[in-house]
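S.K.: Data file my_file.pdb (PDB, C-alpha atoms) is appended below.
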```
ATOM      1  CA  MET A   1       0.000   0.000   0.000
ATOM      2  CA  GLY A   2       1.278   3.494  -0.766
ATOM      3  CA  ASN A   3       0.175   7.119  -0.561
ATOM      4  CA  VAL A   4      -2.304   6.525   2.250
ATOM      5  CA  VAL A   5      -3.592   8.666   5.116
ATOM      6  CA  PHE A   6      -4.622   7.568   8.615
ATOM      7  CA  ILE A   7      -7.953   9.036   9.766
ATOM      8  CA  ASN A   8      -9.599   8.007  13.032
ATOM      9  CA  GLY A   9      -8.614   4.349  13.014
ATOM     10  CA  GLU A  10      -8.683   3.665   9.273
ATOM     11  CA  PHE A  11      -6.322   4.057   6.331
ATOM     12  CA  TYR A  12      -7.522   5.772   3.158
ATOM     13  CA  GLU A  13      -6.015   6.383  -0.246
ATOM     14  CA  LYS A  14      -4.976  10.027  -0.609
ATOM     15  CA  GLU A  15      -7.872  10.944  -2.912
ATOM     16  CA  ASP A  16     -10.369   9.398  -0.459
ATOM     17  CA  ALA A  17      -8.886  10.980   2.681
ATOM     18  CA  LYS A  18     -11.646  13.267   3.969
ATOM     19  CA  ILE A  19     -12.956  14.738   7.205
ATOM     20  CA  SER A  20     -16.378  16.170   8.018
ATOM     21  CA  VAL A  21     -17.115  19.804   7.201
ATOM     22  CA  PHE A  22     -18.467  19.964  10.771
ATOM     23  CA  ASP A  23     -15.039  19.150  12.234
ATOM     24  CA  LYS A  24     -13.990  22.050  14.464
ATOM     25  CA  GLY A  25     -10.469  21.889  13.048
ATOM     26  CA  PHE A  26     -11.915  22.798   9.651
ATOM     27  CA  LEU A  27     -14.485  25.280  10.948
ATOM     28  CA  TYR A  28     -12.337  27.157  13.476
ATOM     29  CA  GLY A  29      -8.763  25.897  13.390
ATOM     30  CA  ASP A  30      -9.482  24.241  16.740
ATOM     31  CA  GLY A  31      -6.683  21.736  17.152
ATOM     32  CA  VAL A  32      -2.936  21.161  17.179
ATOM     33  CA  PHE A  33      -0.435  19.584  14.822
ATOM     34  CA  GLU A  34       3.207  18.647  14.414
ATOM     35  CA  GLY A  35       5.674  18.427  11.542
ATOM     36  CA  ILE A  36       8.087  15.508  11.879
ATOM     37  CA  ARG A  37      10.865  14.236   9.619
ATOM     38  CA  ALA A  38      12.002  10.726   8.782
ATOM     39  CA  TYR A  39      15.570  10.255   7.571
ATOM     40  CA  ASP A  40      16.763   7.021   5.991
ATOM     41  CA  GLY A  41      14.117   4.892   7.648
ATOM     42  CA  LYS A  42      14.237   6.551  11.087
ATOM     43  CA  ILE A  43      11.844   9.101  12.563
ATOM     44  CA  PHE A  44      13.772  11.990  14.089
ATOM     45  CA  LYS A  45      12.803  13.272  17.572
ATOM     46  CA  LEU A  46       9.449  11.480  17.567
ATOM     47  CA  ASP A  47       9.075  11.580  21.357
ATOM     48  CA  GLU A  48       9.761  15.314  21.536
ATOM     49  CA  HIS A  49       7.191  16.104  18.853
ATOM     50  CA  ILE A  50       4.466  13.991  20.419
ATOM     51  CA  ASP A  51       5.198  15.435  23.863
ATOM     52  CA  ARG A  52       4.765  18.944  22.424
ATOM     53  CA  MET A  53       1.532  17.994  20.670
ATOM     54  CA  PHE A  54       0.093  16.626  23.927
ATOM     55  CA  GLU A  55       1.153  19.778  25.793
ATOM     56  CA  GLY A  56      -0.614  21.917  23.199
ATOM     57  CA  ALA A  57      -3.715  19.713  23.430
ATOM     58  CA  LYS A  58      -3.722  20.048  27.221
ATOM     59  CA  ALA A  59      -3.416  23.830  26.967
ATOM     60  CA  ILE A  60      -6.577  24.026  24.839
ATOM     61  CA  MET A  61      -8.394  21.318  26.869
ATOM     62  CA  LEU A  62      -8.464  18.869  23.977
ATOM     63  CA  GLU A  63      -8.472  15.190  24.963
ATOM     64  CA  PRO A  64      -6.542  13.036  22.432
ATOM     65  CA  PRO A  65      -8.368   9.849  21.373
ATOM     66  CA  TYR A  66      -5.151   7.827  21.694
ATOM     67  CA  THR A  67      -2.294   7.561  24.172
ATOM     68  CA  LYS A  68       1.169   8.857  23.317
ATOM     69  CA  GLN A  69       2.401   5.328  22.673
ATOM     70  CA  GLU A  70      -0.577   4.537  20.450
ATOM     71  CA  ILE A  71       0.034   7.704  18.427
ATOM     72  CA  LYS A  72       3.705   6.816  17.970
ATOM     73  CA  SER A  73       2.688   3.342  16.761
ATOM     74  CA  ILE A  74       0.137   4.859  14.360
ATOM     75  CA  ILE A  75       2.783   7.184  12.929
ATOM     76  CA  ILE A  76       5.251   4.326  12.440
ATOM     77  CA  ASP A  77       2.531   2.174  10.849
ATOM     78  CA  THR A  78       1.516   4.986   8.493
ATOM     79  CA  CYS A  79       5.145   5.375   7.402
ATOM     80  CA  ARG A  80       5.359   1.623   6.760
ATOM     81  CA  LYS A  81       2.175   1.563   4.701
ATOM     82  CA  ASN A  82       3.532   4.430   2.615
ATOM     83  CA  ASP A  83       6.833   2.538   2.210
ATOM     84  CA  VAL A  84       8.993   5.586   2.950
ATOM     85  CA  LYS A  85      12.538   6.100   4.182
ATOM     86  CA  ASP A  86      12.705   9.890   3.915
ATOM     87  CA  ALA A  87       9.477  11.742   4.573
ATOM     88  CA  TYR A  88       7.637  14.616   6.193
ATOM     89  CA  ILE A  89       5.030  13.422   8.710
ATOM     90  CA  ARG A  90       2.041  15.535   9.728
ATOM     91  CA  PRO A  91      -0.018  14.312  12.719
ATOM     92  CA  VAL A  92      -3.119  16.468  13.213
ATOM     93  CA  LEU A  93      -5.321  16.453  16.307
ATOM     94  CA  SER A  94      -8.554  18.412  16.001
ATOM     95  CA  ARG A  95     -11.543  18.952  18.282
ATOM     96  CA  GLY A  96     -13.680  16.693  16.121
ATOM     97  CA  ILE A  97     -17.229  16.898  14.813
ATOM     98  CA  GLY A  98     -19.585  19.367  16.495
ATOM     99  CA  ASP A  99     -22.142  22.014  15.594
ATOM    100  CA  LEU A 100     -21.571  25.419  14.016
ATOM    101  CA  GLY A 101     -21.226  27.114  17.400
ATOM    102  CA  LEU A 102     -18.058  27.957  19.305
ATOM    103  CA  ASN A 103     -18.588  25.685  22.325
ATOM    104  CA  PRO A 104     -15.746  23.151  21.967
ATOM    105  CA  PHE A 105     -17.192  20.756  24.514
ATOM    106  CA  LEU A 106     -20.119  19.862  22.255
ATOM    107  CA  SER A 107     -17.643  17.846  20.181
ATOM    108  CA  LYS A 108     -17.731  14.402  21.748
ATOM    109  CA  LYS A 109     -14.523  12.931  20.326
ATOM    110  CA  ALA A 110     -11.353  14.409  18.857
ATOM    111  CA  SER A 111     -10.231  13.562  15.332
ATOM    112  CA  PHE A 112      -6.725  12.291  14.646
ATOM    113  CA  VAL A 113      -5.057  12.259  11.234
ATOM    114  CA  VAL A 114      -1.565  11.257  10.071
ATOM    115  CA  ILE A 115      -0.307  12.364   6.656
ATOM    116  CA  VAL A 116       3.014  11.120   5.276
ATOM    117  CA  ASP A 117       4.424  12.934   2.282
ATOM    118  CA  LYS A 118       7.541  14.555   0.857
ATOM    119  CA  LEU A 119       8.453  18.123   1.759
ATOM    120  CA  VAL A 120      11.193  20.140   0.116
ATOM    121  CA  MET A 121      11.343  23.450   1.967
ATOM    122  CA  TYR A 122      14.208  25.116   0.143
ATOM    123  CA  PRO A 123      16.449  24.286  -2.834
ATOM    124  CA  GLU A 124      19.863  22.920  -1.855
ATOM    125  CA  GLU A 125      21.711  25.963  -3.245
ATOM    126  CA  ILE A 126      20.075  28.026  -0.463
ATOM    127  CA  TYR A 127      22.151  26.078   2.075
ATOM    128  CA  THR A 128      25.303  26.880   0.094
ATOM    129  CA  ASN A 129      24.594  30.507  -0.811
ATOM    130  CA  GLY A 130      22.074  31.642   1.806
ATOM    131  CA  MET A 131      18.630  33.187   1.406
ATOM    132  CA  SER A 132      17.066  36.638   1.483
ATOM    133  CA  VAL A 133      14.278  37.457   3.945
ATOM    134  CA  ILE A 134      12.193  40.484   4.859
ATOM    135  CA  VAL A 135      10.868  41.807   8.151
ATOM    136  CA  ALA A 136       7.079  41.547   7.966
ATOM    137  CA  SER A 137       4.699  44.320   8.944
ATOM    138  CA  THR A 138       2.396  41.625  10.350
ATOM    139  CA  VAL A 139       3.082  41.402  14.087
ATOM    140  CA  ARG A 140       3.360  38.036  15.837
ATOM    141  CA  ASN A 141       0.328  37.052  17.913
ATOM    142  CA  SER A 142       0.479  38.283  21.480
ATOM    143  CA  THR A 143       1.311  35.624  24.057
ATOM    144  CA  ASN A 144      -1.763  36.908  25.929
ATOM    145  CA  ALA A 145      -4.045  36.368  22.926
ATOM    146  CA  LEU A 146      -3.126  33.198  21.048
ATOM    147  CA  PRO A 147       0.025  31.806  22.669
ATOM    148  CA  PRO A 148       2.513  30.970  19.858
ATOM    149  CA  MET A 149       3.941  28.125  21.971
ATOM    150  CA  ILE A 150       0.758  26.192  21.091
ATOM    151  CA  LYS A 151       1.260  24.776  17.584
ATOM    152  CA  SER A 152      -2.388  25.269  16.695
ATOM    153  CA  LEU A 153      -4.259  24.682  13.459
ATOM    154  CA  ASN A 154      -4.949  28.419  13.341
ATOM    155  CA  TYR A 155      -1.959  29.633  11.298
ATOM    156  CA  LEU A 156      -3.518  32.746   9.769
ATOM    157  CA  ASN A 157      -1.079  35.047  11.609
ATOM    158  CA  ASN A 158       1.826  33.190   9.984
ATOM    159  CA  ILE A 159       0.100  33.073   6.600
ATOM    160  CA  LEU A 160      -0.410  36.846   6.519
ATOM    161  CA  ALA A 161       3.336  37.297   7.055
ATOM    162  CA  LYS A 162       4.052  34.603   4.450
ATOM    163  CA  ILE A 163       1.974  36.562   1.935
ATOM    164  CA  GLU A 164       4.323  39.501   2.531
ATOM    165  CA  ALA A 165       7.328  37.252   1.861
ATOM    166  CA  VAL A 166       5.841  35.874  -1.358
ATOM    167  CA  ASN A 167       4.926  39.384  -2.535
ATOM    168  CA  ALA A 168       8.517  40.476  -1.862
ATOM    169  CA  ASP A 169       9.801  37.466  -3.852
ATOM    170  CA  VAL A 170      11.653  35.935  -0.882
ATOM    171  CA  PHE A 171      11.202  32.635   0.940
ATOM    172  CA  GLU A 172      10.660  33.868   4.483
ATOM    173  CA  ALA A 173       9.546  36.793   6.622
ATOM    174  CA  VAL A 174      10.772  37.661  10.108
ATOM    175  CA  MET A 175       7.975  38.554  12.519
ATOM    176  CA  LEU A 176       8.362  41.080  15.326
ATOM    177  CA  ASN A 177       6.331  40.881  18.527
ATOM    178  CA  GLU A 178       4.003  43.618  19.768
ATOM    179  CA  ASP A 179       6.926  45.301  21.564
ATOM    180  CA  GLY A 180       9.007  45.484  18.379
ATOM    181  CA  PHE A 181      11.452  42.701  19.237
ATOM    182  CA  VAL A 182      12.286  39.840  16.856
ATOM    183  CA  ALA A 183      10.147  36.768  17.574
ATOM    184  CA  GLU A 184      10.459  34.192  14.779
ATOM    185  CA  CYS A 185       9.711  33.620  11.115
ATOM    186  CA  THR A 186       6.489  32.328   9.584
ATOM    187  CA  GLY A 187       7.571  28.717  10.004
ATOM    188  CA  ASP A 188      11.050  28.792  11.533
ATOM    189  CA  ASN A 189      12.915  29.987  14.609
ATOM    190  CA  ILE A 190      15.727  32.481  14.110
ATOM    191  CA  PHE A 191      19.305  32.794  15.395
ATOM    192  CA  ILE A 192      21.891  35.541  14.945
ATOM    193  CA  VAL A 193      25.628  35.556  15.561
ATOM    194  CA  LYS A 194      27.310  38.730  16.805
ATOM    195  CA  ASN A 195      30.995  38.868  17.828
ATOM    196  CA  GLY A 196      31.131  35.096  18.101
ATOM    197  CA  VAL A 197      28.039  34.824  20.338
ATOM    198  CA  LEU A 198      25.017  32.801  19.174
ATOM    199  CA  ILE A 199      21.752  34.536  20.131
ATOM    200  CA  THR A 200      18.096  33.530  19.796
ATOM    201  CA  PRO A 201      14.861  35.063  21.143
ATOM    202  CA  PRO A 202      13.518  33.558  24.381
ATOM    203  CA  LYS A 203      10.102  31.938  24.734
ATOM    204  CA  GLU A 204       8.797  35.191  26.199
ATOM    205  CA  ALA A 205       9.351  36.932  22.844
ATOM    206  CA  GLY A 206       6.323  35.052  21.505
ATOM    207  CA  ILE A 207       7.859  32.045  19.783
ATOM    208  CA  LEU A 208       7.017  28.435  19.212
ATOM    209  CA  VAL A 209       9.854  26.629  20.967
ATOM    210  CA  GLY A 210      11.084  24.493  18.094
ATOM    211  CA  ILE A 211      12.454  20.971  18.354
ATOM    212  CA  THR A 212      15.224  21.896  15.891
ATOM    213  CA  ARG A 213      15.896  25.103  17.847
ATOM    214  CA  ASN A 214      16.482  23.051  20.982
ATOM    215  CA  GLU A 215      18.869  20.707  19.180
ATOM    216  CA  VAL A 216      20.854  23.646  17.804
ATOM    217  CA  ILE A 217      21.218  25.060  21.314
ATOM    218  CA  LYS A 218      22.510  21.664  22.496
ATOM    219  CA  ILE A 219      25.016  21.577  19.621
ATOM    220  CA  ALA A 220      26.266  25.066  20.505
ATOM    221  CA  LYS A 221      26.686  24.265  24.190
ATOM    222  CA  LYS A 222      28.359  20.922  23.483
ATOM    223  CA  ASN A 223      30.906  22.593  21.210
ATOM    224  CA  GLY A 224      31.686  25.584  23.394
ATOM    225  CA  ILE A 225      29.955  28.187  21.233
ATOM    226  CA  PRO A 226      28.951  31.163  23.455
ATOM    227  CA  PHE A 227      25.156  31.269  23.573
ATOM    228  CA  GLU A 228      22.459  33.639  24.835
ATOM    229  CA  GLU A 229      18.673  33.661  24.854
ATOM    230  CA  ARG A 230      17.683  37.322  24.832
ATOM    231  CA  LEU A 231      15.536  39.911  23.125
ATOM    232  CA  PHE A 232      16.924  41.740  20.106
ATOM    233  CA  SER A 233      15.614  44.192  17.544
ATOM    234  CA  LYS A 234      15.281  44.518  13.787
ATOM    235  CA  MET A 235      18.425  46.661  13.854
ATOM    236  CA  ASP A 236      20.307  43.767  15.447
ATOM    237  CA  LEU A 237      19.339  41.672  12.439
ATOM    238  CA  TYR A 238      20.723  44.255  10.025
ATOM    239  CA  VAL A 239      24.128  44.416  11.758
ATOM    240  CA  ALA A 240      24.471  40.709  12.653
ATOM    241  CA  ASP A 241      27.572  38.818  11.535
ATOM    242  CA  GLU A 242      25.524  35.714  10.714
ATOM    243  CA  ILE A 243      21.848  34.739  10.676
ATOM    244  CA  PHE A 244      20.216  31.361  10.257
ATOM    245  CA  LEU A 245      16.743  29.861  10.595
ATOM    246  CA  THR A 246      15.820  26.518  12.127
ATOM    247  CA  GLY A 247      12.848  24.206  11.680
ATOM    248  CA  THR A 248      11.937  20.599  11.091
ATOM    249  CA  GLY A 249      11.428  21.173   7.390
ATOM    250  CA  ALA A 250      14.101  23.831   6.963
ATOM    251  CA  GLU A 251      16.736  22.180   9.207
ATOM    252  CA  VAL A 252      19.387  24.952   9.495
ATOM    253  CA  VAL A 253      19.206  27.484   6.672
ATOM    254  CA  PRO A 254      21.584  30.475   6.299
ATOM    255  CA  VAL A 255      20.261  34.000   5.765
ATOM    256  CA  THR A 256      22.512  36.387   3.845
ATOM    257  CA  LYS A 257      20.149  39.327   3.271
ATOM    258  CA  VAL A 258      17.483  41.017   5.412
ATOM    259  CA  ASP A 259      15.393  43.758   3.816
ATOM    260  CA  LYS A 260      18.064  43.913   1.068
ATOM    261  CA  ARG A 261      20.832  44.517   3.613
ATOM    262  CA  THR A 262      23.764  42.114   3.228
ATOM    263  CA  ILE A 263      24.575  40.088   6.337
ATOM    264  CA  GLY A 264      28.285  39.668   7.057
ATOM    265  CA  ASP A 265      30.185  39.079   3.842
ATOM    266  CA  GLY A 266      27.087  37.840   2.042
ATOM    267  CA  LYS A 267      27.921  34.153   2.514
ATOM    268  CA  PRO A 268      26.903  31.582   5.147
ATOM    269  CA  GLY A 269      29.151  32.142   8.183
ATOM    270  CA  LYS A 270      31.433  29.707   9.965
ATOM    271  CA  ILE A 271      29.160  29.078  12.940
ATOM    272  CA  THR A 272      26.119  28.635  10.697
ATOM    273  CA  THR A 273      27.960  26.162   8.466
ATOM    274  CA  PHE A 274      29.299  24.222  11.453
ATOM    275  CA  ILE A 275      25.878  23.932  13.089
ATOM    276  CA  LEU A 276      24.243  22.821   9.833
ATOM    277  CA  GLU A 277      26.864  20.083   9.437
ATOM    278  CA  GLU A 278      26.470  18.926  13.038
ATOM    279  CA  TYR A 279      22.677  18.947  12.807
ATOM    280  CA  ARG A 280      22.704  16.829   9.659
ATOM    281  CA  LYS A 281      25.032  14.361  11.377
ATOM    282  CA  LEU A 282      22.485  14.148  14.176
ATOM    283  CA  THR A 283      19.586  13.421  11.823
ATOM    284  CA  LYS A 284      21.561  10.546  10.321
ATOM    285  CA  SER A 285      22.565   8.994  13.639
ATOM    286  CA  GLU A 286      19.371   9.238  15.711
ATOM    287  CA  GLY A 287      15.731   8.234  15.320
ATOM    288  CA  VAL A 288      12.998   5.651  15.835
ATOM    289  CA  PRO A 289      13.227   2.879  13.203
ATOM    290  CA  ILE A 290      10.270   2.552  10.853
ATOM    291  CA  ARG A 291      11.031  -1.094  10.125
TER     292      ARG A 291
END
```
Kindly transcribe the structure held in the file into structure tokens.
M.R.:
Amino acid sequence: MGNVVFINGEFYEKEDAKISVFDKGFLYGDGVFEGIRAYDGKIFKLDEHIDRMFEGAKAIMLEPPYTKQEIKSIIIDTCRKNDVKDAYIRPVLSRGIGDLGLNPFLSKKASFVVIVDKLVMYPEEIYTNGMSVIVASTVRNSTNALPPMIKSLNYLNNILAKIEAVNADVFEAVMLNEDGFVAECTGDNIFIVKNGVLITPPKEAGILVGITRNEVIKIAKKNGIPFEERLFSKMDLYVADEIFLTGTGAEVVPVTKVDKRTIGDGKPGKITTFILEEYRKLTKSEGVPIR
């Protein structure tokens, strides 16, 4: 079997994979999701992703229909049925079928979906030459409104900033928080290097704490790279020595221009290149076997 999707206990061919129009995930973006990668037959950081999904579900009072272990088994089984070695995995947990009203507790059972597909975020030359980004005018959601640390199905805030990136003919847009500090990009966390120090915004800046972000921090600390979590501004981006983005799909991608301002010497920096190499080593050496 190939190209199949898991939906609420059954497997369906891609063209037959459907959910109800009364599902609250479709109607209101009421749910959480994860993006997970498989490399050479092993699922990378599966436990960490499922832990984060369950934390997000708890935060919005959404009861998963399966245990963590059952969800891990479902993900592995879906990968097997799709006969993949390298893949992007999308588990989606939504509130489930209800009425047209806002009351989430009228939905009696959550829906759970697993999609396995290929995802190519950026062309390989981007990792060699770096990418250009812009700073979006769309401000990141307030942590007091829709907490960005919940990876919810409501991604309209990110999409509005992504529209700005597409209209500017670049891949990504950096989002500032309501206080004017750098938060993250539309789908990636962000790091800068200044005078040999690696810096990334803290959780309080209004970020989704990324799994890849955490691994990069571990790599830096393990290899003696000075590291800080602190707030910084758009101006700090412009004058940084190096910038890179991190995410499950993106991995570690160098940024060489921000708002048409050249970063460093216009090439991926030494720390960026080192961390990308170390991260890719990690993805090849760790993971939960599919077979």
S.K.: List the residues selected by the PyMOL selection byres ((chain A and resi 153-165) around 7) in the file shown, writing them as a VMD selection string.
M.R.: chain A and resid 25 29 to 33 134 136 138 140 to 141 151 to 152 166 to 173 186
S.K.: I need the output of the PyMOL selection byres ((chain A and resi 121) around 6) for this file as a list in words; which residues are they?
M.R.: Val120, Tyr122, Gly249 and Ala250 of chain A
S.K.: Store the residues of this selection in a file with C-alpha atoms, as a PDB file, in the frame of the given file.
M.R.:
```
ATOM      1  CA  VAL A 120      11.193  20.140   0.116  1.00  0.00           C
ATOM      2  CA  TYR A 122      14.208  25.116   0.143  1.00  0.00           C
ATOM      3  CA  GLY A 249      11.428  21.173   7.390  1.00  0.00           C
ATOM      4  CA  ALA A 250      14.101  23.831   6.963  1.00  0.00           C
TER       5      ALA A 250
END
```
S.K.: Between A:Val114, A:Val135, A:Ile275, A:Ala38, which is the closest to Lys260 of chain A once you count all atoms listed in the file?
M.R.: A:Val135
S.K.: Taking the file as shown, what set of residues would the PyMOL selection byres ((chain A and resi 285-289) around 6) give back, as a ChimeraX atom specification?
M.R.: /A:41-44,282-284,290-291
S.K.: Would you write out those residues with C-alpha atoms, as an mmCIF file, in the coordinates of the input?
M.R.:
```cif
data_model
loop_
_atom_site.group_PDB
_atom_site.id
_atom_site.type_symbol
_atom_site.label_atom_id
_atom_site.label_comp_id
_atom_site.auth_asym_id
_atom_site.auth_seq_id
_atom_site.Cartn_x
_atom_site.Cartn_y
_atom_site.Cartn_z
ATOM 1 C CA GLY A 41 14.117 4.892 7.648
ATOM 2 C CA LYS A 42 14.237 6.551 11.087
ATOM 3 C CA ILE A 43 11.844 9.101 12.563
ATOM 4 C CA PHE A 44 13.772 11.990 14.089
ATOM 5 C CA LEU A 282 22.485 14.148 14.176
ATOM 6 C CA THR A 283 19.586 13.421 11.823
ATOM 7 C CA LYS A 284 21.561 10.546 10.321
ATOM 8 C CA ILE A 290 10.270 2.552 10.853
ATOM 9 C CA ARG A 291 11.031 -1.094 10.125
#
```
S.K.: What is the distance, in Å and to one decimal place, between atom CA of Gly269 of chain A and atom CA of Glu242 of chain A?
M.R.: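 Computed distance, atom CA of Gly269 of chain A to atom CA of Glu242 of chain A, equals 5.7 Å.
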S.K.: Given the choices A:Pro226, A:Gly266, A:Gly56, A:Gly101, which gets closest to Val197 of chain A if the distance is worked out from all atoms listed in the file?
M.R.: A:Pro226
S.K.: As an exercise, work out the distance from atom CA of Thr256 of chain A to atom CA of Lys194 of chain A in Å and give it to one decimal place.
M.R.: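 Taking atom CA of Thr256 of chain A as the start and atom CA of Lys194 of chain A as the end point, the length is 14.0 Å.
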S.K.: Distance cut-off 10 Å, centre (17.8, 24.2, 17.6) in file coordinates, counting only C-alpha atoms: which residues qualify? Return them as a list in words.
M.R.: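 Every polymer residue passing the test: Asn189, Ile190, Phe191, Thr200, Val209, Gly210, Ile211, Thr212, Arg213, Asn214, Glu215, Val216, Ile217, Lys218, Ile219, Ala220, Leu245, Thr246, Gly247, Thr248, Glu251, Val252, Ile275 and Tyr279 of chain A.
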S.K.: So, counting all atoms listed in the file, which residue among A:Ile192, A:Met131, A:Ile75, A:Ile225 is closest to Val253 of chain A?
M.R.: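 Among the listed residues, the smallest separation from Val253 of chain A belongs to A:Met131.
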S.K.: For atom CA of Ile36 of chain A and atom CA of Pro201 of chain A, quote the distance in Å rounded to one decimal.
M.R.: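 Separation between atom CA of Ile36 of chain A and atom CA of Pro201 of chain A: 22.7 Å.
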S.K.: Around (8.5, 16.1, 16.9) in the file's frame, which residues reach within 7 Å when counting all atoms listed in the file? Return as a VMD selection string?
M.R.: chain A and resid 34 to 36 45 to 50 211
S.K.: So which residues touch Val21 of chain A within 10 Å, counting all atoms listed in the file, skipping near sequence neighbours fewer than 3 positions away, as a list in words?
M.R.: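 Counting all atoms listed in the file, the residues come to Lys18, Lys24, Gly25, Phe26, Leu27, Ile97, Gly98 and Leu100 of chain A.
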S.K.: Could you dump the residues just selected with C-alpha atoms as a tab-separated table (two decimals), in the frame of the given file?
M.R.:
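Contents of result35.tsv, freshly written:
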```tsv
chain	number	residue	atom	x	y	z
A	18	LYS	CA	-11.65	13.27	3.97
A	24	LYS	CA	-13.99	22.05	14.46
A	25	GLY	CA	-10.47	21.89	13.05
A	26	PHE	CA	-11.92	22.80	9.65
A	27	LEU	CA	-14.48	25.28	10.95
A	97	ILE	CA	-17.23	16.90	14.81
A	98	GLY	CA	-19.58	19.37	16.50
A	100	LEU	CA	-21.57	25.42	14.02
```
S.K.: Counting only C-alpha atoms, which residue out of A:Asp16, A:Pro202, A:Leu208, A:Val193 sits closest to Gly264 of chain A?
M.R.: A:Val193
S.K.: Quick one: 3 Å padding each side, axis-aligned, all listed atoms of segment 243-260 of chain A - centre and edge lengths in Å to one decimal, as AutoDock Vina command-line options?
M.R.:
```
--center_x 17.0 --center_y 32.3 --center_z 6.6 --size_x 17.1 --size_y 29.3 --size_z 17.1
```
S.K.: Can you take segment 187-200 of chain A from the block and write N, CA and C atoms as a PDB file, in the first residue's frame?
M.R.:
```pdb
ATOM      1  N   GLY A 187       7.557  30.147   9.712  1.00  0.00           N
ATOM      2  CA  GLY A 187       7.571  28.717  10.004  1.00  0.00           C
ATOM      3  C   GLY A 187       8.847  28.251  10.667  1.00  0.00           C
ATOM      4  N   ASP A 188       9.740  29.165  10.991  1.00  0.00           N
ATOM      5  CA  ASP A 188      11.050  28.792  11.533  1.00  0.00           C
ATOM      6  C   ASP A 188      11.435  29.689  12.707  1.00  0.00           C
ATOM      7  N   ASN A 189      12.258  29.159  13.596  1.00  0.00           N
ATOM      8  CA  ASN A 189      12.915  29.987  14.609  1.00  0.00           C
ATOM      9  C   ASN A 189      14.118  30.675  13.985  1.00  0.00           C
ATOM     10  N   ILE A 190      14.636  31.693  14.669  1.00  0.00           N
ATOM     11  CA  ILE A 190      15.727  32.481  14.110  1.00  0.00           C
ATOM     12  C   ILE A 190      16.866  32.637  15.119  1.00  0.00           C
ATOM     13  N   PHE A 191      18.095  32.592  14.609  1.00  0.00           N
ATOM     14  CA  PHE A 191      19.305  32.794  15.395  1.00  0.00           C
ATOM     15  C   PHE A 191      20.146  33.855  14.701  1.00  0.00           C
ATOM     16  N   ILE A 192      20.871  34.657  15.497  1.00  0.00           N
ATOM     17  CA  ILE A 192      21.891  35.541  14.945  1.00  0.00           C
ATOM     18  C   ILE A 192      23.222  35.245  15.627  1.00  0.00           C
ATOM     19  N   VAL A 193      24.296  35.624  14.967  1.00  0.00           N
ATOM     20  CA  VAL A 193      25.628  35.556  15.561  1.00  0.00           C
ATOM     21  C   VAL A 193      26.206  36.961  15.539  1.00  0.00           C
ATOM     22  N   LYS A 194      26.673  37.417  16.712  1.00  0.00           N
ATOM     23  CA  LYS A 194      27.310  38.730  16.805  1.00  0.00           C
ATOM     24  C   LYS A 194      28.551  38.601  17.691  1.00  0.00           C
ATOM     25  N   ASN A 195      29.711  38.955  17.100  1.00  0.00           N
ATOM     26  CA  ASN A 195      30.995  38.868  17.828  1.00  0.00           C
ATOM     27  C   ASN A 195      31.228  37.495  18.442  1.00  0.00           C
ATOM     28  N   GLY A 196      30.872  36.470  17.674  1.00  0.00           N
ATOM     29  CA  GLY A 196      31.131  35.096  18.101  1.00  0.00           C
ATOM     30  C   GLY A 196      30.106  34.513  19.049  1.00  0.00           C
ATOM     31  N   VAL A 197      29.074  35.298  19.419  1.00  0.00           N
ATOM     32  CA  VAL A 197      28.039  34.824  20.338  1.00  0.00           C
ATOM     33  C   VAL A 197      26.775  34.462  19.551  1.00  0.00           C
ATOM     34  N   LEU A 198      26.253  33.265  19.800  1.00  0.00           N
ATOM     35  CA  LEU A 198      25.017  32.801  19.174  1.00  0.00           C
ATOM     36  C   LEU A 198      23.845  33.267  20.034  1.00  0.00           C
ATOM     37  N   ILE A 199      22.859  33.928  19.395  1.00  0.00           N
ATOM     38  CA  ILE A 199      21.752  34.536  20.131  1.00  0.00           C
ATOM     39  C   ILE A 199      20.429  34.141  19.473  1.00  0.00           C
ATOM     40  N   THR A 200      19.438  33.824  20.312  1.00  0.00           N
ATOM     41  CA  THR A 200      18.096  33.530  19.796  1.00  0.00           C
ATOM     42  C   THR A 200      17.055  34.108  20.757  1.00  0.00           C
TER      43      THR A 200
END
```
